[in-house]
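Data block for work-v9.csv (CSV, C-alpha atoms and all ligand atoms):
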```csv
chain,number,residue,atom,x,y,z
V,223,MET,CA,-64.5,44.7,-10.6
V,224,LYS,CA,-63.9,42.4,-7.6
V,225,GLU,CA,-60.5,43.2,-5.9
V,226,ILE,CA,-58.1,40.3,-6.1
V,227,ASN,CA,-56.3,39.8,-2.8
V,228,ILE,CA,-53.8,36.9,-2.9
V,229,GLY,CA,-52.8,37.4,0.7
V,230,LYS,CA,-56.4,36.9,1.9
V,231,ILE,CA,-56.7,33.7,-0.2
V,232,LYS,CA,-53.5,32.4,1.4
V,233,ASP,CA,-54.8,33.2,4.9
V,234,ARG,CA,-58.1,31.4,4.2
V,235,PHE,CA,-56.3,28.5,2.8
V,236,SER,CA,-54.0,28.2,5.8
V,237,GLN,CA,-56.9,28.5,8.2
V,238,GLU,CA,-58.8,25.8,6.4
V,239,LEU,CA,-55.7,23.5,6.2
V,240,LYS,CA,-55.2,23.8,9.9
V,241,GLY,CA,-58.7,22.5,10.5
V,242,ALA,CA,-58.1,19.4,8.3
V,243,LYS,CA,-58.2,16.2,10.2
V,244,SER,CA,-56.6,13.8,7.7
V,245,ASP,CA,-54.1,13.8,4.9
V,246,ASN,CA,-56.9,13.1,2.5
V,247,GLU,CA,-58.8,16.1,3.7
V,248,LYS,CA,-55.7,18.3,3.4
V,249,LYS,CA,-55.3,17.1,-0.2
V,250,LYS,CA,-58.9,18.0,-1.0
V,251,ILE,CA,-58.5,21.5,0.4
V,252,CYS,CA,-55.3,22.0,-1.6
V,253,LYS,CA,-57.0,20.8,-4.7
V,254,LYS,CA,-60.0,23.0,-4.2
V,255,TYR,CA,-57.8,26.1,-3.8
V,256,ILE,CA,-55.8,25.4,-6.9
V,257,GLU,CA,-58.6,24.3,-9.1
V,258,ASP,CA,-61.3,26.8,-8.0
V,259,GLU,CA,-59.9,29.8,-6.3
V,260,LEU,CA,-56.6,30.2,-8.2
V,261,SER,CA,-58.1,29.2,-11.5
V,262,SER,CA,-60.6,32.0,-11.2
V,263,VAL,CA,-57.8,34.4,-10.2
V,264,PHE,CA,-55.9,33.5,-13.4
V,265,VAL,CA,-59.1,34.0,-15.5
V,266,LEU,CA,-59.7,37.4,-13.9
V,267,LEU,CA,-56.1,38.3,-14.5
V,268,LYS,CA,-56.7,38.4,-18.2
V,269,ASN,CA,-58.8,41.5,-17.8
V,270,ILE,CA,-56.1,43.4,-15.8
V,271,SER,CA,-53.3,45.2,-17.5
V,272,GLY,CA,-50.1,46.9,-16.5
V,273,PRO,CA,-47.8,46.4,-13.6
V,274,LYS,CA,-50.7,45.3,-11.4
V,275,ARG,CA,-51.2,42.2,-13.6
V,276,ALA,CA,-47.6,41.3,-13.2
V,277,THR,CA,-47.6,41.6,-9.4
V,278,ILE,CA,-50.8,39.7,-8.9
V,279,GLY,CA,-49.7,37.0,-11.4
V,280,LYS,CA,-46.5,36.5,-9.5
V,281,ASP,CA,-48.2,36.3,-6.2
V,282,ALA,CA,-50.7,33.9,-7.5
V,283,ASN,CA,-48.0,31.7,-8.9
V,284,ASN,CA,-46.1,31.7,-5.6
V,285,LEU,CA,-49.3,30.7,-3.8
V,286,LYS,CA,-49.9,27.9,-6.2
V,287,GLN,CA,-46.4,26.6,-5.5
V,288,PHE,CA,-47.0,27.0,-1.8
V,289,ILE,CA,-50.2,25.0,-2.0
V,290,LEU,CA,-48.7,22.3,-4.2
V,291,GLU,CA,-45.9,21.8,-1.6
V,292,LYS,CA,-48.5,21.4,1.2
V,293,MET,CA,-50.4,19.0,-1.0
V,294,ASN,CA,-47.4,16.7,-1.3
V,295,ASP,CA,-47.5,16.5,2.5
V,296,GLY,CA,-44.0,17.3,3.0
V,297,GLY,CA,-43.5,20.9,2.1
V,298,GLU,CA,-40.5,21.0,4.4
V,299,LYS,CA,-39.0,17.9,2.9
V,300,LYS,CA,-39.4,19.2,-0.6
V,301,ARG,CA,-37.8,22.5,0.2
V,302,GLU,CA,-34.8,20.6,1.7
V,303,GLU,CA,-34.6,18.5,-1.4
V,304,ARG,CA,-34.6,21.6,-3.5
V,305,GLU,CA,-31.8,23.0,-1.4
V,306,GLU,CA,-29.8,19.9,-1.8
V,307,MET,CA,-30.3,19.8,-5.5
V,308,ILE,CA,-27.1,19.3,-7.4
V,309,ASP,CA,-25.7,22.2,-9.3
V,310,VAL,CA,-24.2,20.5,-12.3
V,311,THR,CA,-22.2,23.7,-13.2
V,312,LEU,CA,-20.1,23.5,-10.0
V,313,PRO,CA,-16.7,21.9,-10.4
V,314,GLY,CA,-16.6,18.3,-9.1
V,315,GLU,CA,-15.0,17.1,-5.9
V,316,SER,CA,-11.7,15.4,-6.8
V,317,VAL,CA,-11.7,11.7,-6.1
V,318,LYS,CA,-9.0,10.7,-3.6
V,319,ARG,CA,-6.8,7.9,-5.0
V,320,GLY,CA,-4.8,5.5,-3.0
V,321,SER,CA,-1.2,4.8,-3.9
V,322,ILE,CA,1.1,1.9,-4.0
V,323,HIS,CA,3.2,1.5,-0.8
V,324,PRO,CA,6.8,2.6,-1.4
V,325,LEU,CA,8.1,-0.8,-0.3
V,326,THR,CA,5.7,-2.7,-2.6
V,327,SER,CA,6.5,-0.5,-5.6
V,328,LEU,CA,10.3,-0.9,-5.1
V,329,GLN,CA,9.9,-4.6,-4.7
V,330,GLU,CA,8.0,-4.8,-8.0
V,331,ARG,CA,10.7,-2.8,-9.8
V,332,CYS,CA,13.4,-5.1,-8.4
V,333,LYS,CA,11.4,-8.1,-9.5
V,334,ARG,CA,11.0,-6.7,-13.0
V,335,ILE,CA,14.8,-6.0,-13.4
V,336,PHE,CA,15.8,-9.5,-12.3
V,337,ALA,CA,13.1,-11.1,-14.4
V,338,ASN,CA,14.6,-9.4,-17.4
V,339,CYS,CA,17.9,-11.2,-16.6
V,340,GLY,CA,16.2,-14.5,-16.5
V,341,PHE,CA,15.7,-14.9,-12.8
V,342,SER,CA,12.5,-16.7,-11.5
V,343,ILE,CA,10.7,-15.1,-8.6
V,344,ILE,CA,10.2,-17.6,-5.8
V,345,ASP,CA,8.3,-17.5,-2.5
V,346,GLY,CA,9.0,-19.3,0.7
V,347,PRO,CA,7.5,-19.7,4.2
V,348,GLU,CA,7.8,-17.0,6.9
V,349,LEU,CA,7.4,-19.7,9.6
V,350,GLU,CA,10.6,-21.6,9.1
V,351,SER,CA,12.5,-24.5,10.8
V,352,GLU,CA,15.8,-24.0,12.5
V,353,TRP,CA,17.2,-26.4,10.0
V,354,TYR,CA,16.5,-24.3,7.0
V,355,ASN,CA,17.1,-20.9,8.7
V,356,PHE,CA,20.5,-21.9,10.3
V,357,ASP,CA,21.8,-25.5,10.0
V,358,ALA,CA,21.4,-26.0,6.3
V,359,LEU,CA,23.1,-22.6,5.8
V,360,ASN,CA,26.2,-23.6,7.6
V,361,PHE,CA,25.5,-21.7,10.9
V,362,LYS,CA,27.3,-23.9,13.5
V,363,GLN,CA,25.2,-24.9,16.5
V,364,ASP,CA,27.2,-22.6,18.8
V,365,HIS,CA,27.8,-19.9,16.2
V,366,PRO,CA,27.4,-16.4,17.7
V,367,VAL,CA,25.5,-15.4,14.6
V,368,ARG,CA,22.5,-17.4,15.9
V,369,GLU,CA,22.5,-15.1,18.9
V,370,MET,CA,23.4,-12.0,16.9
V,371,GLN,CA,20.4,-12.6,14.7
V,372,ASP,CA,18.1,-12.1,17.7
V,373,THR,CA,15.6,-14.7,16.5
V,374,LEU,CA,11.9,-14.9,17.3
V,375,PHE,CA,11.6,-18.6,18.3
V,376,ILE,CA,8.1,-20.3,18.4
V,377,LYS,CA,7.0,-21.8,21.7
V,378,GLN,CA,6.6,-25.5,21.3
V,379,LYS,CA,5.9,-28.3,23.8
V,380,ASN,CA,9.1,-30.2,24.8
V,381,ARG,CA,11.1,-28.1,22.3
V,382,GLU,CA,14.4,-29.4,23.5
V,383,LYS,CA,13.5,-32.9,22.4
V,384,LEU,CA,12.6,-31.8,18.8
V,385,SER,CA,15.0,-32.1,15.9
V,386,SER,CA,16.2,-28.9,14.2
V,387,LYS,CA,13.8,-29.7,11.3
V,388,GLU,CA,10.9,-29.6,13.8
V,389,LYS,CA,11.9,-26.6,15.8
V,390,LEU,CA,10.1,-23.5,14.5
V,391,LEU,CA,11.0,-19.8,14.3
V,392,MET,CA,10.1,-16.8,12.3
V,393,ARG,CA,12.7,-16.6,9.5
V,394,THR,CA,15.5,-14.1,10.1
V,395,HIS,CA,16.4,-13.9,6.4
V,396,THR,CA,15.2,-15.0,3.0
V,397,SER,CA,18.2,-17.4,2.6
V,398,PRO,CA,16.4,-20.6,3.7
V,399,VAL,CA,14.5,-20.4,0.4
V,400,GLN,CA,17.8,-21.0,-1.4
V,401,VAL,CA,18.1,-24.4,0.2
V,402,ARG,CA,14.4,-25.3,-0.2
V,403,TYR,CA,14.6,-24.4,-3.9
V,404,MET,CA,17.9,-26.3,-4.6
V,405,GLU,CA,16.4,-29.4,-3.0
V,406,LYS,CA,13.7,-29.6,-5.6
V,407,ARG,CA,15.5,-28.3,-8.7
V,408,LYS,CA,18.8,-29.3,-10.3
V,409,PRO,CA,21.2,-26.5,-11.5
V,410,PRO,CA,21.5,-24.4,-13.6
V,411,LEU,CA,19.2,-22.2,-11.6
V,412,ARG,CA,18.6,-18.5,-11.2
V,413,ILE,CA,16.1,-17.2,-8.6
V,414,ILE,CA,15.2,-14.2,-6.5
V,415,VAL,CA,13.2,-14.4,-3.3
V,416,PRO,CA,11.5,-11.3,-2.2
V,417,GLY,CA,10.0,-11.5,1.3
V,418,ARG,CA,9.4,-10.5,4.8
V,419,VAL,CA,11.8,-11.4,7.6
V,420,PHE,CA,11.7,-11.1,11.3
V,421,ARG,CA,14.1,-10.1,14.1
V,422,ASN,CA,13.6,-9.9,17.8
V,423,GLU,CA,14.8,-6.4,18.1
V,424,ALA,CA,13.9,-3.2,19.9
V,425,THR,CA,12.6,-0.8,17.2
V,426,ASP,CA,14.3,2.5,16.5
V,427,SER,CA,14.8,4.7,13.5
V,428,SER,CA,16.9,2.1,11.7
V,429,HIS,CA,15.5,-1.2,13.2
V,430,GLU,CA,12.1,-2.8,12.8
V,431,ILE,CA,10.8,-6.1,14.1
V,432,ASN,CA,10.1,-7.1,10.6
V,433,PHE,CA,11.3,-5.8,7.2
V,434,TYR,CA,11.7,-6.9,3.6
V,435,GLN,CA,14.6,-8.5,1.8
V,436,ILE,CA,15.4,-9.7,-1.6
V,437,GLU,CA,17.5,-12.8,-1.9
V,438,GLY,CA,19.3,-13.8,-5.1
V,439,LEU,CA,20.8,-17.2,-6.1
V,440,MET,CA,22.5,-18.4,-9.2
V,441,VAL,CA,24.0,-21.8,-9.4
V,442,GLY,CA,25.5,-23.6,-12.4
V,443,LYS,CA,28.7,-24.7,-14.0
V,444,LYS,CA,31.6,-22.3,-13.8
V,445,ILE,CA,29.6,-19.5,-12.1
V,446,SER,CA,32.1,-17.0,-10.7
V,447,VAL,CA,32.3,-13.7,-8.8
V,448,ALA,CA,32.6,-12.0,-12.3
V,449,ASN,CA,29.0,-13.2,-13.1
V,450,PHE,CA,27.8,-11.8,-9.8
V,451,LYS,CA,29.4,-8.4,-10.5
V,452,ALA,CA,27.8,-8.3,-13.9
V,453,VAL,CA,24.3,-9.1,-12.6
V,454,ILE,CA,24.4,-6.8,-9.5
V,455,GLY,CA,25.9,-4.0,-11.6
V,456,TYR,CA,23.2,-4.3,-14.2
V,457,PHE,CA,20.6,-4.4,-11.4
V,458,PHE,CA,21.7,-1.1,-9.8
V,459,ARG,CA,22.2,0.7,-13.1
V,460,GLN,CA,18.7,-0.2,-14.0
V,461,LEU,CA,17.3,0.7,-10.5
V,462,PHE,CA,19.2,3.9,-9.8
V,463,ASP,CA,21.4,5.4,-12.5
V,464,SER,CA,23.3,4.3,-15.5
V,465,ASN,CA,26.5,5.8,-14.1
V,466,ILE,CA,26.5,4.0,-10.8
V,467,GLU,CA,29.7,2.3,-9.7
V,468,ILE,CA,30.0,-0.9,-7.7
V,469,ARG,CA,32.8,-2.1,-5.4
V,470,LEU,CA,33.2,-5.4,-3.4
V,471,ARG,CA,34.8,-5.5,0.0
V,472,PRO,CA,35.7,-8.8,1.8
V,473,SER,CA,33.2,-9.8,4.5
V,474,PHE,CA,32.0,-12.8,6.4
V,475,PHE,CA,28.8,-14.8,6.2
V,476,PRO,CA,28.5,-18.5,7.3
V,477,PHE,CA,26.7,-19.5,4.0
V,478,THR,CA,29.1,-18.0,1.5
V,479,GLU,CA,32.9,-18.3,0.9
V,480,PRO,CA,34.4,-16.0,-0.1
V,481,SER,CA,31.9,-13.4,1.2
V,482,PHE,CA,31.7,-9.7,0.4
V,483,GLU,CA,29.8,-6.5,1.0
V,484,VAL,CA,28.7,-4.7,-2.1
V,485,ASP,CA,28.9,-0.9,-2.0
V,486,VAL,CA,27.3,1.4,-4.7
V,487,SER,CA,28.5,4.9,-5.4
V,488,CYS,CA,26.3,7.4,-3.7
V,489,THR,CA,23.8,8.7,-6.2
V,490,ILE,CA,22.7,11.6,-4.0
V,491,CYS,CA,26.1,13.4,-3.7
V,492,ASN,CA,27.8,11.7,-6.7
V,493,LYS,CA,30.7,10.5,-4.5
V,494,ARG,CA,31.4,13.9,-3.0
V,495,GLY,CA,30.2,12.9,0.4
V,496,CYS,CA,26.8,13.5,2.1
V,497,SER,CA,24.9,12.5,5.2
V,498,VAL,CA,23.3,9.5,3.4
V,499,CYS,CA,26.7,8.0,2.6
V,500,LYS,CA,28.2,9.2,5.8
V,501,GLN,CA,30.7,11.4,3.8
V,502,THR,CA,32.3,8.3,2.3
V,503,GLY,CA,30.8,8.5,-1.2
V,504,TRP,CA,29.7,4.9,-1.0
V,505,ILE,CA,26.6,3.1,0.4
V,506,GLU,CA,26.8,-0.4,1.7
V,507,ILE,CA,23.8,-2.1,0.3
V,508,VAL,CA,24.2,-5.9,-0.4
V,509,GLY,CA,25.7,-8.9,1.4
V,510,ALA,CA,26.9,-11.5,-1.0
V,511,GLY,CA,29.3,-14.3,-1.8
V,512,MET,CA,30.0,-17.6,-3.5
V,513,VAL,CA,27.6,-20.2,-2.1
V,514,HIS,CA,29.5,-22.3,0.6
V,515,PRO,CA,30.1,-25.9,-0.5
V,516,ASN,CA,28.4,-27.0,2.8
V,517,VAL,CA,25.2,-25.2,1.8
V,518,LEU,CA,25.3,-26.9,-1.7
V,519,GLU,CA,25.7,-30.2,0.1
V,520,SER,CA,22.8,-29.5,2.5
V,521,ALA,CA,20.7,-28.9,-0.6
V,522,LYS,CA,22.0,-32.1,-2.3
V,523,VAL,CA,23.9,-30.2,-5.0
V,524,ASP,CA,27.4,-31.6,-5.9
V,525,PRO,CA,29.9,-28.8,-5.0
V,526,THR,CA,32.6,-30.4,-7.2
V,527,LYS,CA,30.4,-29.9,-10.2
V,528,PHE,CA,28.5,-26.7,-9.5
V,529,THR,CA,29.3,-23.3,-8.1
V,530,GLY,CA,27.0,-20.3,-7.5
V,531,PHE,CA,26.6,-16.9,-6.0
V,532,ALA,CA,24.1,-15.6,-3.5
V,533,PHE,CA,23.2,-12.2,-2.3
V,534,GLY,CA,20.7,-10.5,0.0
V,535,MET,CA,19.6,-6.9,0.4
V,536,GLY,CA,17.1,-4.9,2.4
V,537,ILE,CA,14.2,-3.4,0.4
V,538,ASP,CA,13.6,-1.0,3.3
V,539,ARG,CA,17.1,0.2,3.3
V,540,ILE,CA,17.1,0.9,-0.5
V,541,ALA,CA,13.8,2.7,-0.2
V,542,MET,CA,15.1,4.8,2.6
V,543,ILE,CA,18.1,5.8,0.5
V,544,GLU,CA,16.0,6.4,-2.6
V,545,HIS,CA,13.4,8.6,-0.9
V,546,LYS,CA,15.7,10.1,1.8
V,547,ILE,CA,13.6,8.6,4.6
V,548,ASP,CA,15.4,8.7,8.0
V,549,ASP,CA,13.0,6.4,10.0
V,550,ILE,CA,12.2,2.8,8.9
V,551,ARG,CA,9.1,2.8,11.2
V,552,LEU,CA,7.4,5.2,8.8
V,553,PHE,CA,6.9,2.3,6.4
V,554,TYR,CA,4.9,0.4,8.9
V,555,GLY,CA,3.0,3.2,10.7
V,556,GLY,CA,0.1,3.4,8.2
V,557,ASP,CA,0.2,7.2,8.4
V,558,LEU,CA,-1.7,8.5,5.4
V,559,ARG,CA,0.2,11.8,5.4
V,560,PHE,CA,3.4,9.7,4.8
V,561,LEU,CA,1.9,7.3,2.3
V,562,LYS,CA,0.2,9.9,0.2
V,563,GLN,CA,3.6,11.2,-0.9
V,564,PHE,CA,4.2,8.2,-3.1
V,601,ZN,ZN,26.5,10.7,-0.6
```
Let me see the file written as structure tokens.
Amino acid sequence: MKEINIGKIKDRFSQELKGAKSDNEKKKICKKYIEDELSSVFVLLKNISGPKRATIGKDANNLKQFILEKMNDGGEKKREEREEMIDVTLPGESVKRGSIHPLTSLQERCKRIFANCGFSIIDGPELESEWYNFDALNFKQDHPVREMQDTLFIKQKNREKLSSKEKLLMRTHTSPVQVRYMEKRKPPLRIIVPGRVFRNEATDSSHEINFYQIEGLMVGKKISVANFKAVIGYFFRQLFDSNIEIRLRPSFFPFTEPSFEVDVSCTICNKRGCSVCKQTGWIEIVGAGMVHPNVLESAKVDPTKFTGFAFGMGIDRIAMIEHKIDDIRLFYGGDLRFLKQF
């Protein structure tokens, strides 16, 4: 019987393939080897028995595979594809999910709590006039607060000749929206104004050139400090802890009279004293007061008929306390290692 030598067939095939001048010719050679040479090997194989049959059969199959790859004119490519084949039994790669920015999520929570007490959520312009940012809020022309606020004024031609309604600046607080809203609506009204504010400040761990505030305003008949205490107390109990305590301390703001600072009991140390509350057990968090009659008049609301309270607080500051973050700049750095934690 004729000896079957797969190795020799392979050598002949390779030689012949080398001599091929076109893809078409290559294909023809491959076809010939599969259909003639290998077919006859498989026929002869039937007459062989034992381990020899298995060995030759295996070699013949391998050669067939080899020729088929050459025939598809991209044996290399095919092998690569096979190597890149997906193994469906491997565990999948986890999909990296983004997260809500801590300031955004806190702002959303604040909005929900106030909305539950019937407050509307109002927006206002970040580019503001001096009138709304200062004058209408009872800041006197020479008031030191105008300097203290370190305002970012907008460059304008012949600025000194413009009226305060035309002089532009980046708003230093969200309070101008109080006046804008009262001009258009008659009391009773209840709004909160979340938004971005700007200061011309050197940045450090507790100061940023921009940050976020939430402003609140409630005006109506017989609105008093007691109403304010109830609302702000409800807010902090919802936000932080049902056992939180509130205290008011006298303060000064041009647009409220009387004015007060609101402290909340430190939720971190439970009033025992810690670094966040500077060992006092209390955290100063809100500036507030009864709306100054001059502000009501600026907004064309009759101060003899209506009273109201207003308050403002820094979203950044609350987020820093809540997450024990010691540098405000982290919120604006866009560092994914920081943001992934929320
Ligand atoms: Zn504390």
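The list of residues with at least one atom within 9 Å of Asn465 in chain V, based on all atoms listed in the file and without residues fewer than 6 positions apart in the same chain, reads Arg459, Ser487 and Thr489 of chain V.
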Which one is closest to Pro409 in chain V: V:Asp524, V:Glu225, V:Glu247, V:Asp258? Count only C-alpha atoms.
V:Asp524
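Proximity to ligand ZN 601 (chain V) was assessed for V:Phe450, V:Tyr456, V:Trp504, V:Phe533 counting all atoms listed in the file; the smallest distance is recorded for V:Trp504.
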Report the closest atom pair, with its distance in Å rounded to one decimal, for each residue of chain V that has an atom no farther than 9 Å from ligand ZN 601 (chain V); count only C-alpha atoms and all ligand atoms, sort by chain and then rising residue number, and write it as CSV.
```
residue,atom,partner,partner_atom,distance
V:Ser487,CA,V:ZN601,ZN,7.8
V:Cys488,CA,V:ZN601,ZN,4.5
V:Thr489,CA,V:ZN601,ZN,6.5
V:Ile490,CA,V:ZN601,ZN,5.2
V:Cys491,CA,V:ZN601,ZN,4.1
V:Asn492,CA,V:ZN601,ZN,6.3
V:Lys493,CA,V:ZN601,ZN,5.7
V:Arg494,CA,V:ZN601,ZN,6.3
V:Gly495,CA,V:ZN601,ZN,4.4
V:Cys496,CA,V:ZN601,ZN,3.9
V:Ser497,CA,V:ZN601,ZN,6.3
V:Val498,CA,V:ZN601,ZN,5.3
V:Cys499,CA,V:ZN601,ZN,4.2
V:Lys500,CA,V:ZN601,ZN,6.8
V:Gln501,CA,V:ZN601,ZN,6.1
V:Thr502,CA,V:ZN601,ZN,6.9
V:Gly503,CA,V:ZN601,ZN,4.9
V:Trp504,CA,V:ZN601,ZN,6.6
V:Ile505,CA,V:ZN601,ZN,7.7
```
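Remark: for Phe356 in chain V, the closest of the candidate residues V:Ile335, V:Leu461, V:Ala282, V:Leu391 is V:Leu391 (distances computed over all atoms listed in the file).
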For Phe420 in chain V, which residue among V:Glu330, V:Glu291, V:Glu350, V:Glu306 is the nearest when counting all atoms listed in the file?
V:Glu350
Find the residue from V:Ala532, V:Met392, V:Val263, V:Ile431 that sits nearest to Ile231 in chain V; use only C-alpha atoms when measuring.
V:Val263
Which residues, written as a PyMOL selection string, have at least one atom at most 12 Å from range 237-243 of chain V, with all atoms listed in the file counted and residues fewer than 3 positions away on the same chain left out?
chain V and resi 230-234+246-255+289+292-293+295
Expressed in Å to a single decimal, how great is the separation between CA of Pro476 in chain V and CA of Gly534 in chain V?
13.3 Å
With distances taken over all atoms listed in the file, the candidate from V:Ala358, V:Leu285, V:Leu290, V:Leu411 nearest Ser342 in chain V is V:Leu411
Could you list, as a PyMOL selection string, every residue within 6 Å of Arg412 in chain V, counting only C-alpha atoms and ignoring same-chain residues fewer than 3 positions away?
chain V and resi 341+439-440
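We find CA of Leu470 in chain V and CA of Val441 in chain V to be spaced 19.7 Å apart.
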Can you pull out the residues contacting Val513 in chain V? Cut-off 6 Å, using all atoms listed in the file, and skip same-chain residues under 6 positions away; I want them as an NGL selection string.
:V and (478 or 530-532)
Hey, can you spit out that residue selection with C-alpha atoms as a compact mmCIF listing (two decimals), keeping the file's coordinate frame?
```txt
# COMPACT_ATOMS: atom_id res chain seq x y z
CA THR V 478 29.10 -18.00 1.50
CA GLY V 530 27.00 -20.30 -7.50
CA PHE V 531 26.60 -16.90 -6.00
CA ALA V 532 24.10 -15.60 -3.50
```
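The gap separating CA of Asp281 in chain V from CA of Ile228 in chain V is 6.5 Å, in Å to one decimal.
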